[in-house]
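**Student:** My file is protein.csv. It has CSV, C-alpha atoms:
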```csv
chain,number,residue,atom,x,y,z
W,1,MET,CA,-9.7,-2.6,-3.5
W,2,LYS,CA,-6.7,-4.8,-4.3
W,3,ILE,CA,-5.7,-7.7,-2.0
W,4,LEU,CA,-2.7,-10.0,-2.2
W,5,LEU,CA,-3.3,-13.6,-0.9
W,6,VAL,CA,-0.1,-15.6,-0.2
W,7,ASP,CA,-0.7,-19.3,0.8
W,8,ASP,CA,0.5,-22.6,-0.6
W,9,GLU,CA,-2.7,-24.5,0.3
W,10,ALA,CA,-4.8,-24.7,-2.8
W,11,GLU,CA,-7.8,-26.0,-0.9
W,12,LEU,CA,-7.8,-22.7,1.0
W,13,THR,CA,-6.7,-20.2,-1.6
W,14,GLU,CA,-9.3,-21.3,-4.3
W,15,PRO,CA,-12.4,-20.8,-2.2
W,16,LEU,CA,-11.0,-17.7,-0.6
W,17,TYR,CA,-10.1,-16.2,-4.0
W,18,HIS,CA,-13.7,-16.8,-5.2
W,19,VAL,CA,-15.3,-15.3,-2.1
W,20,LEU,CA,-13.1,-12.2,-2.2
W,21,SER,CA,-13.6,-11.7,-5.9
W,22,HIS,CA,-17.4,-12.2,-5.4
W,23,GLU,CA,-17.3,-9.4,-2.9
W,24,GLY,CA,-15.7,-7.1,-5.4
W,25,TYR,CA,-12.0,-7.2,-4.4
W,26,ASP,CA,-9.3,-7.4,-7.0
W,27,VAL,CA,-7.2,-10.4,-5.8
W,28,ASP,CA,-3.7,-11.6,-6.7
W,29,VAL,CA,-2.6,-15.0,-5.4
W,30,ALA,CA,0.9,-16.4,-4.8
W,31,ASP,CA,1.7,-19.9,-3.7
W,32,ASN,CA,5.2,-19.3,-2.3
W,33,GLY,CA,6.7,-16.6,-0.1
W,34,GLN,CA,9.3,-15.3,-2.6
W,35,LYS,CA,6.7,-14.7,-5.3
W,36,GLY,CA,4.4,-13.1,-2.7
W,37,TYR,CA,7.2,-10.8,-1.5
W,38,GLU,CA,8.0,-9.7,-5.0
W,39,LEU,CA,4.3,-9.0,-5.8
W,40,ALA,CA,4.0,-6.9,-2.6
W,41,LEU,CA,7.0,-4.8,-3.7
W,42,GLN,CA,5.8,-4.3,-7.3
W,43,ASN,CA,2.2,-3.5,-6.6
W,44,ASN,CA,0.1,-1.3,-4.4
W,45,TYR,CA,-2.2,-3.4,-2.3
W,46,ASP,CA,-4.8,-2.4,0.2
W,47,LEU,CA,-4.3,-5.6,2.2
W,48,LEU,CA,-1.9,-8.5,2.4
W,49,ILE,CA,-3.2,-11.9,3.6
W,50,LEU,CA,-0.2,-14.0,4.5
W,51,ASP,CA,0.3,-17.6,5.6
W,52,TRP,CA,2.9,-17.9,8.3
W,53,MET,CA,4.6,-21.0,6.9
W,54,LEU,CA,5.5,-20.7,3.2
W,55,PRO,CA,8.0,-22.2,0.8
W,56,GLY,CA,10.6,-19.8,-0.4
W,57,LYS,CA,10.1,-17.1,2.3
W,58,PRO,CA,8.1,-17.3,5.5
W,59,GLY,CA,5.2,-14.9,5.9
W,60,LEU,CA,6.8,-13.6,9.1
W,61,SER,CA,9.9,-12.6,7.1
W,62,ILE,CA,7.8,-11.0,4.3
W,63,CYS,CA,6.0,-8.8,6.9
W,64,GLN,CA,9.2,-7.9,8.7
W,65,GLU,CA,11.1,-6.9,5.5
W,66,LEU,CA,8.1,-4.9,4.1
W,67,ARG,CA,7.9,-3.0,7.4
W,68,SER,CA,11.6,-2.3,7.5
W,69,GLN,CA,11.2,-0.7,4.0
W,70,GLY,CA,8.5,1.6,5.3
W,71,GLN,CA,5.5,-0.2,3.8
W,72,ASN,CA,2.4,0.2,6.0
W,73,THR,CA,0.0,-2.0,4.0
W,74,PRO,CA,-2.2,-3.8,6.6
W,75,VAL,CA,-1.3,-7.5,7.1
W,76,LEU,CA,-3.5,-10.3,8.2
W,77,PHE,CA,-1.7,-13.5,9.2
W,78,LEU,CA,-3.3,-17.0,8.6
W,79,THR,CA,-1.6,-19.7,10.6
W,80,ALA,CA,-2.0,-22.9,12.5
W,81,LYS,CA,0.3,-21.5,15.3
W,82,ASP,CA,-2.0,-20.6,18.1
W,83,THR,CA,0.1,-20.1,21.2
W,84,LEU,CA,0.4,-16.7,22.9
W,85,ASP,CA,4.1,-16.5,22.0
W,86,ASP,CA,3.3,-17.1,18.3
W,87,ARG,CA,0.6,-14.3,18.4
W,88,VAL,CA,3.0,-11.9,20.0
W,89,MET,CA,5.7,-12.8,17.5
W,90,GLY,CA,3.4,-12.1,14.6
W,91,LEU,CA,2.2,-8.8,15.9
W,92,ASP,CA,5.7,-7.7,16.8
W,93,ALA,CA,6.7,-8.5,13.2
W,94,GLY,CA,4.2,-5.9,12.1
W,95,ALA,CA,1.0,-7.8,11.5
W,96,ASP,CA,-2.3,-6.0,12.1
W,97,ASP,CA,-4.4,-9.1,12.7
W,98,TYR,CA,-4.1,-12.8,13.2
W,99,LEU,CA,-6.4,-15.7,12.3
W,100,VAL,CA,-5.8,-19.3,13.4
W,101,LYS,CA,-6.6,-22.1,11.1
W,102,PRO,CA,-9.1,-23.7,10.6
W,103,PHE,CA,-11.5,-20.8,10.4
W,104,GLU,CA,-14.8,-19.9,8.9
W,105,LEU,CA,-14.7,-17.9,5.7
W,106,ARG,CA,-17.3,-15.4,7.1
W,107,GLU,CA,-15.0,-14.7,10.0
W,108,LEU,CA,-12.1,-14.0,7.7
W,109,MET,CA,-14.3,-11.7,5.5
W,110,ALA,CA,-15.2,-9.8,8.7
W,111,ARG,CA,-11.5,-9.4,9.5
W,112,VAL,CA,-10.8,-8.2,6.0
W,113,ARG,CA,-13.6,-5.6,6.1
W,114,ALA,CA,-12.5,-4.4,9.5
W,115,LEU,CA,-8.9,-3.9,8.4
W,116,LEU,CA,-9.9,-2.1,5.3
W,117,ARG,CA,-12.0,0.3,7.4
W,118,ARG,CA,-9.2,0.8,9.8
W,119,PHE,CA,-6.7,1.6,7.0
W,120,PRO,CA,-8.6,3.5,4.3
W,121,SER,CA,-6.5,4.1,1.3
W,122,LEU,CA,-6.8,5.3,-2.3
W,123,GLU,CA,-10.3,5.7,-3.7
W,124,GLY,CA,-10.7,5.0,-7.4
W,125,THR,CA,-13.3,7.2,-9.1
W,126,GLY,CA,-13.9,4.7,-11.9
W,127,THR,CA,-12.6,7.2,-14.5
W,128,GLY,CA,-8.9,6.7,-14.2
W,129,ARG,CA,-8.7,9.5,-11.6
W,130,LEU,CA,-7.3,9.2,-8.1
W,131,LYS,CA,-9.1,10.7,-5.1
W,132,ILE,CA,-8.2,11.2,-1.4
W,133,GLY,CA,-10.3,13.5,0.7
W,134,ASP,CA,-10.9,16.7,-1.2
W,135,LEU,CA,-8.0,16.2,-3.6
W,136,GLU,CA,-8.6,14.6,-7.0
W,137,LEU,CA,-6.0,13.8,-9.6
W,138,ASP,CA,-6.7,13.4,-13.3
W,139,PRO,CA,-3.3,12.0,-14.6
W,140,GLU,CA,-4.4,11.8,-18.2
W,141,ASN,CA,-5.2,15.5,-18.4
W,142,GLN,CA,-2.4,16.5,-16.0
W,143,VAL,CA,-4.6,18.4,-13.7
W,144,ALA,CA,-5.6,18.2,-10.0
W,145,TYR,CA,-8.7,19.5,-8.2
W,146,ARG,CA,-8.9,20.6,-4.6
W,147,GLN,CA,-12.2,21.9,-3.3
W,148,GLY,CA,-13.2,22.6,-6.8
W,149,ARG,CA,-10.1,24.6,-7.7
W,150,MET,CA,-8.2,23.2,-10.7
W,151,VAL,CA,-4.4,23.3,-11.0
W,152,SER,CA,-2.2,22.3,-13.9
W,153,LEU,CA,0.7,20.0,-13.3
W,154,SER,CA,3.9,19.1,-15.1
W,155,ASP,CA,4.7,15.5,-16.1
W,156,LYS,CA,7.0,15.0,-13.1
W,157,GLU,CA,4.4,16.6,-10.7
W,158,VAL,CA,1.8,14.2,-11.9
W,159,LYS,CA,4.1,11.3,-11.4
W,160,LEU,CA,5.1,12.4,-7.9
W,161,LEU,CA,1.5,13.1,-6.8
W,162,THR,CA,0.4,9.8,-8.2
W,163,TYR,CA,3.0,8.0,-6.1
W,164,PHE,CA,2.0,9.9,-3.0
W,165,MET,CA,-1.7,9.2,-3.5
W,166,GLN,CA,-1.0,5.5,-4.0
W,167,HIS,CA,0.8,5.3,-0.7
W,168,PRO,CA,-1.2,7.5,1.7
W,169,HIS,CA,0.1,7.9,5.3
W,170,GLN,CA,3.2,5.8,4.5
W,171,LEU,CA,6.7,7.1,4.9
W,172,LEU,CA,8.3,7.3,1.5
W,173,THR,CA,12.0,7.6,1.7
W,174,HIS,CA,14.1,9.9,-0.5
W,175,LYS,CA,15.6,6.8,-2.2
W,176,GLN,CA,12.1,5.3,-3.0
W,177,ILE,CA,10.9,8.5,-4.5
W,178,TYR,CA,14.1,8.9,-6.6
W,179,GLN,CA,13.8,5.4,-7.9
W,180,PHE,CA,10.2,5.9,-8.9
W,181,LEU,CA,10.7,9.3,-10.6
W,182,TRP,CA,14.0,8.9,-12.4
W,183,GLU,CA,15.8,6.2,-14.2
W,184,GLU,CA,19.4,5.5,-13.0
W,185,PRO,CA,21.2,7.4,-15.7
W,186,GLU,CA,19.1,10.5,-15.4
W,187,LYS,CA,19.0,10.9,-11.6
W,188,PRO,CA,19.5,14.5,-10.6
W,189,ASN,CA,21.1,15.9,-7.4
W,190,SER,CA,19.1,15.9,-4.2
W,191,ASN,CA,18.1,19.6,-4.6
W,192,VAL,CA,15.9,18.7,-7.6
W,193,LEU,CA,13.5,16.6,-5.5
W,194,ALA,CA,13.2,19.2,-2.8
W,195,ALA,CA,12.4,21.8,-5.5
W,196,LEU,CA,9.8,19.5,-7.1
W,197,ILE,CA,8.2,19.0,-3.7
W,198,ARG,CA,8.1,22.7,-3.0
W,199,LEU,CA,6.4,23.4,-6.4
W,200,LEU,CA,3.8,20.7,-5.8
W,201,ARG,CA,3.0,22.0,-2.4
W,202,ARG,CA,2.4,25.5,-3.7
W,203,LYS,CA,-0.1,24.1,-6.2
W,204,ILE,CA,-2.1,21.7,-4.0
W,205,GLU,CA,-1.7,23.0,-0.4
W,206,GLU,CA,-3.4,26.3,-0.4
W,207,GLU,CA,-6.2,24.9,1.7
W,208,SER,CA,-4.2,22.7,4.1
W,209,PRO,CA,-0.9,20.7,4.2
W,210,LEU,CA,-0.8,17.3,2.5
W,211,ILE,CA,2.9,16.6,2.0
W,212,HIS,CA,4.7,16.3,5.3
W,213,THR,CA,8.4,16.2,5.7
W,214,VAL,CA,9.9,13.4,7.8
W,215,TYR,CA,13.3,15.1,8.4
W,216,GLY,CA,16.3,13.1,7.4
W,217,LYS,CA,14.1,10.3,5.9
W,218,GLY,CA,11.6,11.4,3.3
W,219,TYR,CA,7.9,12.4,3.1
W,220,ARG,CA,4.5,11.3,4.3
W,221,PHE,CA,1.3,12.2,2.3
W,222,GLY,CA,-2.2,12.8,3.8
W,223,GLU,CA,-4.3,15.2,5.8
```
As structure tokens, how would this structure be written, given the file I've shared?

**Tutor:**
Amino acid sequence: MKILLVDDEAELTEPLYHVLSHEGYDVDVADNGQKGYELALQNNYDLLILDWMLPGKPGLSICQELRSQGQNTPVLFLTAKDTLDDRVMGLDAGADDYLVKPFELRELMARVRALLRRFPSLEGTGTGRLKIGDLELDPENQVAYRQGRMVSLSDKEVKLLTYFMQHPHQLLTHKQIYQFLWEEPEKPNSNVLAALIRLLRRKIEEESPLIHTVYGKGYRFGE
């Protein structure tokens, strides 16, 4: 699983990075808020660990802006702010948990494990394939498997399904999907995306629905 750690205190990030890596997590580290925000937009993380006070962009702003864009990646705040009002403010901004400094590393690791259990995401098979529930995607060979049934996919169907499987249970807007699937000069009209969704549904949803329409906004993927 992939974790983003954003904190400008090297005496904290260094031991935390080593502990998380030792536990098998793939960890990226940023020492300022703007860099952390950009990494969160560019990559698919299973968990964000954010310091509240950061140079460049506060952790609170990072969380608020990601939530406003439909990102539901769990967020754990690290902060010296320990009043009730501060906790409420952090949770209202979209954080999922809150840990006051100083803390024991073993407590933080317990919080990390709990959040990852509460928000299960994409499973890697170790073979370059993606798997969620009974659906498995083999992008290299352009096929998917559902309950042992194999279906062939087009290039665009593979790309779309990959995007969905990398963001399970998240609202993906029409704009986000268009930006992912097509470069600016080649963007088709809105009917093309709807047709692509319809074709993909026919191929992978014989057993039960996976792609759910959020009317007027976009789509959410998952059982």

**Student:** Closest to W:Arg111 among W:Tyr45, W:Tyr178, W:Tyr215, W:Phe77, using all atoms listed in the file?

**Tutor:**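 Between W:Tyr45, W:Tyr178, W:Tyr215, W:Phe77, the residue approaching W:Arg111 most closely is W:Phe77.
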
**Student:** Write out as a ChimeraX atom specification which residues come within 12 Å of stretch 140-147 of chain W when counting all atoms listed in the file, dropping same-chain ones fewer than 3 positions away.

**Tutor:** /W:127-137,150-162,165,200,203-210

**Student:** Just the number, please: distance in Å from atom CA of W:Gly216 to atom CA of W:Asn43, one decimal.

**Tutor:**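 Taking atom CA of W:Gly216 as the start and atom CA of W:Asn43 as the end point, the length is 25.9 Å.
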
**Student:** In Å, with one decimal, what is the gap from atom CA of W:Thr73 to atom CA of W:Leu171?

**Tutor:**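 Separation of atom CA of W:Thr73 and atom CA of W:Leu171: 11.3 Å.
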
**Student:** For each of W:Pro74, W:His18, W:Gly218, W:Asp138, take the minimum atom-to-atom distance to W:Leu193, counting all atoms listed in the file, then give the residue where this is smallest.

**Tutor:** W:Gly218

**Student:** Find the residues around W:Ile49 up to 9 Å (all atoms listed in the file counted), leave out those fewer than 3 positions away in its own chain, and share them as a ChimeraX atom specification.

**Tutor:** /W:3-7,74-78,112

**Student:** Just give me the gap between atom CA of W:Ala40 and atom CA of W:Glu65 in Å, one decimal is fine.

**Tutor:** 10.8 Å

**Student:** Find the residues around stretch 92-105 of chain W up to 10 Å (all atoms listed in the file counted), leave out those fewer than 4 positions away in its own chain, and share them as an MDAnalysis selection string.

**Tutor:** chainID W and resid 12 15:16 19:20 48:52 59:68 72:83 86:88 109:112 114:115 118
